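For reference, my_file.pdb is printed below; it contains PDB, C-alpha atoms.
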ATOM      1  CA  MET Q   1      87.212  -9.008  92.639
ATOM      2  CA  ILE Q   2      86.679 -12.764  92.552
ATOM      3  CA  THR Q   3      86.891 -14.351  95.993
ATOM      4  CA  PRO Q   4      88.322 -17.871  95.979
ATOM      5  CA  ASN Q   5      86.196 -20.609  97.474
ATOM      6  CA  LEU Q   6      88.022 -21.625 100.652
ATOM      7  CA  LYS Q   7      85.209 -23.572 102.265
ATOM      8  CA  GLY Q   8      86.503 -26.856 103.602
ATOM      9  CA  LYS Q   9      90.051 -26.078 102.506
ATOM     10  CA  ARG Q  10      92.977 -25.514 104.797
ATOM     11  CA  VAL Q  11      94.684 -22.152 105.063
ATOM     12  CA  GLN Q  12      98.150 -21.504 106.518
ATOM     13  CA  ILE Q  13      98.591 -18.947 109.252
ATOM     14  CA  PHE Q  14     101.948 -17.482 110.327
ATOM     15  CA  ASN Q  15     104.166 -20.407 111.305
ATOM     16  CA  GLU Q  16     102.719 -22.819 108.750
ATOM     17  CA  ARG Q  17     100.235 -24.365 111.160
ATOM     18  CA  GLU Q  18      97.230 -25.521 109.205
ATOM     19  CA  THR Q  19      93.792 -24.542 110.442
ATOM     20  CA  LEU Q  20      90.394 -25.089 108.930
ATOM     21  CA  LEU Q  21      88.918 -21.789 107.829
ATOM     22  CA  SER Q  22      85.569 -22.894 109.277
ATOM     23  CA  GLU Q  23      87.258 -23.340 112.688
ATOM     24  CA  VAL Q  24      88.715 -19.814 112.539
ATOM     25  CA  ARG Q  25      85.279 -18.412 111.736
ATOM     26  CA  ALA Q  26      83.739 -20.397 114.605
ATOM     27  CA  VAL Q  27      86.247 -18.914 117.043
ATOM     28  CA  ASP Q  28      85.560 -15.431 115.689
ATOM     29  CA  ARG Q  29      81.797 -15.877 116.073
ATOM     30  CA  THR Q  30      81.972 -17.185 119.632
ATOM     31  CA  ALA Q  31      84.513 -14.599 120.762
ATOM     32  CA  SER Q  32      82.686 -11.723 119.080
ATOM     33  CA  LEU Q  33      79.367 -12.694 120.696
ATOM     34  CA  ALA Q  34      81.005 -12.807 124.132
ATOM     35  CA  ALA Q  35      82.642  -9.436 123.531
ATOM     36  CA  LEU Q  36      79.316  -8.013 122.338
ATOM     37  CA  ALA Q  37      77.648  -9.250 125.529
ATOM     38  CA  SER Q  38      80.335  -7.525 127.628
ATOM     39  CA  LYS Q  39      79.832  -4.255 125.742
ATOM     40  CA  ALA Q  40      76.058  -4.551 126.156
ATOM     41  CA  LEU Q  41      76.456  -4.925 129.928
ATOM     42  CA  LEU Q  42      78.640  -1.811 130.095
ATOM     43  CA  PHE Q  43      76.154   0.186 128.026
ATOM     44  CA  LEU Q  44      73.142  -1.047 130.023
ATOM     45  CA  GLY Q  45      74.763  -0.140 133.328
ATOM     46  CA  LEU Q  46      75.654   3.374 132.182
ATOM     47  CA  VAL Q  47      72.227   4.004 130.656
ATOM     48  CA  LEU Q  48      70.463   2.843 133.823
ATOM     49  CA  ILE Q  49      72.593   5.156 135.991
ATOM     50  CA  LEU Q  50      72.087   8.098 133.638
ATOM     51  CA  LEU Q  51      68.309   7.668 133.386
ATOM     52  CA  ASN Q  52      68.067   7.143 137.133
ATOM     53  CA  ASN Q  53      70.049  10.288 137.933
ATOM     54  CA  MET Q  54      67.944  12.247 135.445
ATOM     55  CA  GLY Q  55      64.777  11.060 137.208
ATOM     56  CA  PHE Q  56      63.330   9.068 134.318
ATOM     57  CA  ILE Q  57      63.397   5.747 136.172
ATOM     58  CA  ALA Q  58      63.055   5.128 139.926
ATOM     59  CA  PRO Q  59      62.316   8.826 140.630
ATOM     60  CA  GLY Q  60      63.456  10.122 144.006
ATOM     61  CA  SER Q  61      66.536   7.916 144.027
ATOM     62  CA  TYR Q  62      69.925   8.015 142.377
ATOM     63  CA  PHE Q  63      72.810   5.623 141.866
ATOM     64  CA  GLY Q  64      74.431   5.083 145.242
ATOM     65  CA  THR Q  65      71.172   5.019 147.208
ATOM     66  CA  PHE Q  66      69.472   1.661 147.465
ATOM     67  CA  SER Q  67      66.903   1.128 144.726
ATOM     68  CA  TRP Q  68      66.221  -1.510 142.117
ATOM     69  CA  VAL Q  69      68.431   0.446 139.680
ATOM     70  CA  THR Q  70      71.391   0.400 142.068
ATOM     71  CA  ALA Q  71      70.828  -3.313 142.705
ATOM     72  CA  VAL Q  72      70.737  -4.111 138.965
ATOM     73  CA  VAL Q  73      73.857  -2.046 138.236
ATOM     74  CA  PHE Q  74      75.600  -3.719 141.182
ATOM     75  CA  LEU Q  75      74.697  -7.117 139.702
ATOM     76  CA  ILE Q  76      76.051  -6.004 136.315
ATOM     77  CA  GLY Q  77      79.323  -5.032 138.010
ATOM     78  CA  LEU Q  78      79.550  -8.483 139.579
ATOM     79  CA  ILE Q  79      78.993 -10.197 136.227
ATOM     80  CA  ILE Q  80      81.587  -8.000 134.517
ATOM     81  CA  ASN Q  81      84.309  -8.483 137.140
ATOM     82  CA  PHE Q  82      83.730 -12.106 138.047
ATOM     83  CA  VAL Q  83      82.642 -13.518 134.672
ATOM     84  CA  ALA Q  84      83.223 -11.238 131.681
ATOM     85  CA  ILE Q  85      86.809 -10.182 132.401
ATOM     86  CA  PRO Q  86      88.138 -13.689 133.186
ATOM     87  CA  HIS Q  87      86.384 -14.927 130.044
ATOM     88  CA  LEU Q  88      88.039 -12.199 127.967
ATOM     89  CA  TYR Q  89      91.438 -13.323 129.273
ATOM     90  CA  PHE Q  90      90.725 -16.980 128.496
ATOM     91  CA  SER Q  91      89.203 -16.280 125.071
ATOM     92  CA  SER Q  92      91.978 -13.890 124.016
ATOM     93  CA  PHE Q  93      94.604 -16.458 125.023
ATOM     94  CA  GLN Q  94      92.841 -19.198 123.060
ATOM     95  CA  ASN Q  95      92.647 -16.953 120.001
ATOM     96  CA  PHE Q  96      96.290 -16.020 120.465
ATOM     97  CA  LYS Q  97      97.330 -19.682 120.540
ATOM     98  CA  GLN Q  98      95.292 -20.303 117.385
ATOM     99  CA  GLU Q  99      96.916 -17.222 115.812
ATOM    100  CA  ASN Q 100      93.587 -15.486 115.475
ATOM    101  CA  ALA Q 101      94.075 -11.720 115.523
ATOM    102  CA  TYR Q 102      90.798 -11.155 117.399
ATOM    103  CA  TRP Q 103      92.741 -11.505 120.662
ATOM    104  CA  ASP Q 104      93.787  -7.874 120.248
ATOM    105  CA  SER Q 105      90.187  -6.615 120.404
ATOM    106  CA  GLU Q 106      89.477  -8.756 123.437
ATOM    107  CA  THR Q 107      92.484  -7.568 125.430
ATOM    108  CA  PHE Q 108      91.561  -3.969 124.553
ATOM    109  CA  LEU Q 109      88.036  -4.550 125.894
ATOM    110  CA  ILE Q 110      89.430  -5.651 129.273
ATOM    111  CA  VAL Q 111      90.405  -2.058 130.146
ATOM    112  CA  PRO Q 112      86.930  -0.426 129.929
ATOM    113  CA  SER Q 113      85.352  -3.564 131.387
ATOM    114  CA  PHE Q 114      87.587  -3.289 134.462
ATOM    115  CA  PHE Q 115      87.001   0.440 134.834
ATOM    116  CA  PHE Q 116      83.221   0.325 134.574
ATOM    117  CA  GLY Q 117      82.864  -2.973 136.427
ATOM    118  CA  THR Q 118      84.751  -1.641 139.439
ATOM    119  CA  PHE Q 119      82.802   1.629 139.276
ATOM    120  CA  PHE Q 120      79.467  -0.206 139.241
ATOM    121  CA  LEU Q 121      80.494  -2.083 142.391
ATOM    122  CA  TYR Q 122      82.234   0.786 144.189
ATOM    123  CA  GLY Q 123      79.624   3.423 143.326
ATOM    124  CA  SER Q 124      76.640   1.308 144.360
ATOM    125  CA  LYS Q 125      77.593   1.696 148.044
ATOM    126  CA  ILE Q 126      75.729  -1.522 148.862
ATOM    127  CA  PHE Q 127      77.010  -2.898 152.179
ATOM    128  CA  ILE Q 128      78.644  -5.939 150.575
ATOM    129  CA  ALA Q 129      80.053  -3.952 147.633
ATOM    130  CA  LEU Q 130      83.495  -3.216 149.077
ATOM    131  CA  PRO Q 131      84.445  -6.795 150.076
ATOM    132  CA  LEU Q 132      83.153  -8.114 146.744
ATOM    133  CA  LEU Q 133      85.054  -5.393 144.900
ATOM    134  CA  ILE Q 134      88.274  -6.307 146.715
ATOM    135  CA  ALA Q 135      87.672 -10.011 146.031
ATOM    136  CA  SER Q 136      87.030  -9.354 142.321
ATOM    137  CA  VAL Q 137      90.128  -7.176 141.938
ATOM    138  CA  LEU Q 138      92.302  -9.810 143.637
ATOM    139  CA  MET Q 139      90.814 -12.519 141.406
ATOM    140  CA  ILE Q 140      91.423 -10.427 138.277
ATOM    141  CA  PHE Q 141      95.033  -9.816 139.315
ATOM    142  CA  VAL Q 142      95.558 -13.570 139.834
ATOM    143  CA  VAL Q 143      94.060 -14.299 136.399
ATOM    144  CA  HIS Q 144      96.133 -11.499 134.904
ATOM    145  CA  TYR Q 145      99.351 -12.846 136.406
ATOM    146  CA  LYS Q 146      98.551 -16.374 135.194
ATOM    147  CA  PHE Q 147      98.096 -15.327 131.571
ATOM    148  CA  LEU Q 148     100.983 -12.868 131.715
ATOM    149  CA  ARG Q 149     103.226 -15.728 132.801
ATOM    150  CA  LEU Q 150     101.834 -18.050 130.116
ATOM    151  CA  SER Q 151     102.422 -15.418 127.445
ATOM    152  CA  TRP Q 152     106.009 -14.959 128.671
ATOM    153  CA  GLU Q 153     106.595 -18.712 128.410
ATOM    154  CA  PHE Q 154     105.215 -18.682 124.870
ATOM    155  CA  LEU Q 155     107.495 -15.777 124.032
ATOM    156  CA  LEU Q 156     110.582 -17.618 125.284
ATOM    157  CA  LYS Q 157     109.713 -20.655 123.158
ATOM    158  CA  SER Q 158     108.636 -18.722 120.078
ATOM    159  CA  SER Q 159     110.150 -19.227 116.664
ATOM    160  CA  ASN Q 160     111.452 -16.333 114.609
ATOM    161  CA  GLU Q 161     108.260 -16.276 112.525
ATOM    162  CA  ALA Q 162     105.941 -16.085 115.554
ATOM    163  CA  PHE Q 163     108.101 -13.814 117.737
ATOM    164  CA  LEU Q 164     106.494 -10.491 116.762
ATOM    165  CA  MET Q 165     102.927 -11.586 117.438
ATOM    166  CA  GLU Q 166     103.811 -13.297 120.714
ATOM    167  CA  ARG Q 167     105.822 -10.270 121.822
ATOM    168  CA  GLU Q 168     102.829  -8.038 121.015
ATOM    169  CA  TYR Q 169     100.497 -10.242 123.072
ATOM    170  CA  PHE Q 170     102.898 -10.247 126.028
ATOM    171  CA  LEU Q 171     103.327  -6.468 125.899
ATOM    172  CA  SER Q 172      99.549  -5.967 125.719
ATOM    173  CA  LEU Q 173      99.121  -7.873 128.977
ATOM    174  CA  LYS Q 174     102.112  -6.109 130.506
ATOM    175  CA  TYR Q 175     100.588  -2.699 129.762
ATOM    176  CA  LEU Q 176      97.343  -3.864 131.364
ATOM    177  CA  THR Q 177      99.169  -3.957 134.709
ATOM    178  CA  ALA Q 178      99.847  -0.224 134.506
ATOM    179  CA  TYR Q 179      96.295   0.478 133.337
ATOM    180  CA  TYR Q 180      94.868  -1.429 136.308
ATOM    181  CA  LEU Q 181      96.892   0.588 138.800
ATOM    182  CA  LEU Q 182      96.032   3.857 137.062
ATOM    183  CA  LEU Q 183      92.303   3.120 136.906
ATOM    184  CA  LEU Q 184      92.136   1.983 140.531
ATOM    185  CA  THR Q 185      93.957   5.142 141.654
ATOM    186  CA  LEU Q 186      91.621   7.279 139.542
ATOM    187  CA  LEU Q 187      88.551   5.525 140.924
ATOM    188  CA  LEU Q 188      89.566   5.716 144.588
ATOM    189  CA  LEU Q 189      90.949   9.267 144.570
ATOM    190  CA  ILE Q 190      88.723  11.097 142.099
ATOM    191  CA  ASN Q 191      85.931   8.775 140.890
ATOM    192  CA  PRO Q 192      85.271  10.892 137.766
ATOM    193  CA  LEU Q 193      82.182   8.949 136.693
ATOM    194  CA  GLN Q 194      80.525   9.564 140.051
ATOM    195  CA  LEU Q 195      81.294  13.286 139.747
ATOM    196  CA  MET Q 196      79.832  13.327 136.249
ATOM    197  CA  PHE Q 197      76.607  11.622 137.329
ATOM    198  CA  VAL Q 198      76.285  13.931 140.357
ATOM    199  CA  TRP Q 199      76.576  16.895 137.996
ATOM    200  CA  VAL Q 200      73.859  15.385 135.808
ATOM    201  CA  ARG Q 201      71.602  14.944 138.844
ATOM    202  CA  MET Q 202      72.163  18.526 139.991
ATOM    203  CA  HIS Q 203      71.823  20.291 136.633
ATOM    204  CA  ILE Q 204      69.345  18.300 134.575
TER     205      ILE Q 204
END
Produce structure tokens that represent the structure in this file.
Amino acid sequence: MITPNLKGKRVQIFNERETLLSEVRAVDRTASLAALASKALLFLGLVLILLNNMGFIAPGSYFGTFSWVTAVVFLIGLIINFVAIPHLYFSSFQNFKQENAYWDSETFLIVPSFFFGTFFLYGSKIFIALPLLIASVLMIFVVHYKFLRLSWEFLLKSSNEAFLMEREYFLSLKYLTAYYLLLLTLLLLINPLQLMFVWVRMHI
């Protein structure tokens, strides 16, 4: 199939707003790199905990007792909750305004980021972990409310052509509210990841 040469030309997206294709690609590249960094932090934190609990690194300790592994994972949790998640909100909203569909992937990434970020803080049991966890959760809720309200305002002003996408963005943020409450309840009452890593430590 012959692909038309669109370099430098303008393409129309949804409600006939013209955007340079190079600008769309630039947004995709920046947003995707930020999302990749967030995923890398999640993966690094989990791998460090797993290897630590299996005794491959920092033998004689495990996640939840003070060691360099616990300190690093705690730092990762801080970065995720205080930096990565707010950035995902901001970036997804910018992509939404520019009618770039990548906002959907970014809002989806907020859920695991919140779950693992809060676990990294809560499970570290460092003496300042709890107040920082509470502060991060409150900050995330404030950011969440801000963008939920902005998306609602966009929805009220939307044209017929843009209504479906703007409704989808608003509903995605609305569902995040329920996910936050569910994940916090799961973490505080059961803490399944901690149970899993304890099982690993005891049986491997």
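The closest residue to Phe63 of chain Q, picked from Q:Lys157, Q:His87, Q:Lys39, Q:Lys125 and counting all atoms listed in the file, is Q:Lys125.
With all atoms listed in the file taken into account, every residue lying no more than 12 Å from the file point (69.0, 6.4, 145.4) is included here: Ile49, Asn52, Asn53, Met54, Gly55, Ile57, Ala58, Pro59, Gly60, Ser61, Tyr62, Phe63, Gly64, Thr65, Phe66, Ser67, Trp68, Val69, Thr70, Ala71, Gly123, Ser124, Lys125, Ile126, Val198 and Arg201 of chain Q.
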List the neighbours of Ser92 of chain Q out to 8 Å using only C-alpha atoms; skip same-chain residues closer than 4 positions along the sequence, and give me the result as an mmCIF file with C-alpha atoms, in the coordinates of the input.
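In the end it all went to selection_4.cif:
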data_model
loop_
_atom_site.group_PDB
_atom_site.id
_atom_site.type_symbol
_atom_site.label_atom_id
_atom_site.label_comp_id
_atom_site.auth_asym_id
_atom_site.auth_seq_id
_atom_site.Cartn_x
_atom_site.Cartn_y
_atom_site.Cartn_z
ATOM 1 C CA LEU Q 88 88.039 -12.199 127.967
ATOM 2 C CA PHE Q 96 96.290 -16.020 120.465
ATOM 3 C CA TYR Q 102 90.798 -11.155 117.399
ATOM 4 C CA TRP Q 103 92.741 -11.505 120.662
ATOM 5 C CA ASP Q 104 93.787 -7.874 120.248
ATOM 6 C CA GLU Q 106 89.477 -8.756 123.437
ATOM 7 C CA THR Q 107 92.484 -7.568 125.430
#
Which is closest to Ile140 of chain Q among Q:Asn100, Q:Asn81, Q:Ser38, Q:Thr118, if we use only C-alpha atoms?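 With only C-alpha atoms as the atom set, the closest residue is Q:Asn81.
Atom CA of Ala84 of chain Q sits 8.5 Å away from atom CA of Ala37 of chain Q.
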Tell me which of Q:Gly77, Q:Leu193, Q:Pro112, Q:Leu148 sits closest to Ser136 of chain Q, counting all atoms listed in the file. Q:Gly77
Could you tell me how far atom CA of Trp199 of chain Q lies from atom CA of Val72 of chain Q, in Å and to one decimal? 21.8 Å
From the options Q:Phe127, Q:Tyr122, Q:Tyr89, Q:Phe114, which residue's atoms come nearest to Phe147 of chain Q, counting all atoms listed in the file?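 The answer is Q:Tyr89, which sits nearest to Phe147 of chain Q.
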Counting only C-alpha atoms, the residue of Q:Phe116, Q:Tyr145, Q:Phe56, Q:Phe108 that sits nearest Val73 of chain Q: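 Ranking Q:Phe116, Q:Tyr145, Q:Phe56, Q:Phe108 by distance to Val73 of chain Q, first place goes to Q:Phe116.
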Reference answer for the PyMOL selection byres ((chain Q and resi 180) around 12), as a ChimeraX atom specification: /Q:110-116,118,137-138,140-141,144,173-179,181-187
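Take atom CA of Ala135 of chain Q and atom CA of Ile76 of chain Q: the distance between them is 15.7 Å.
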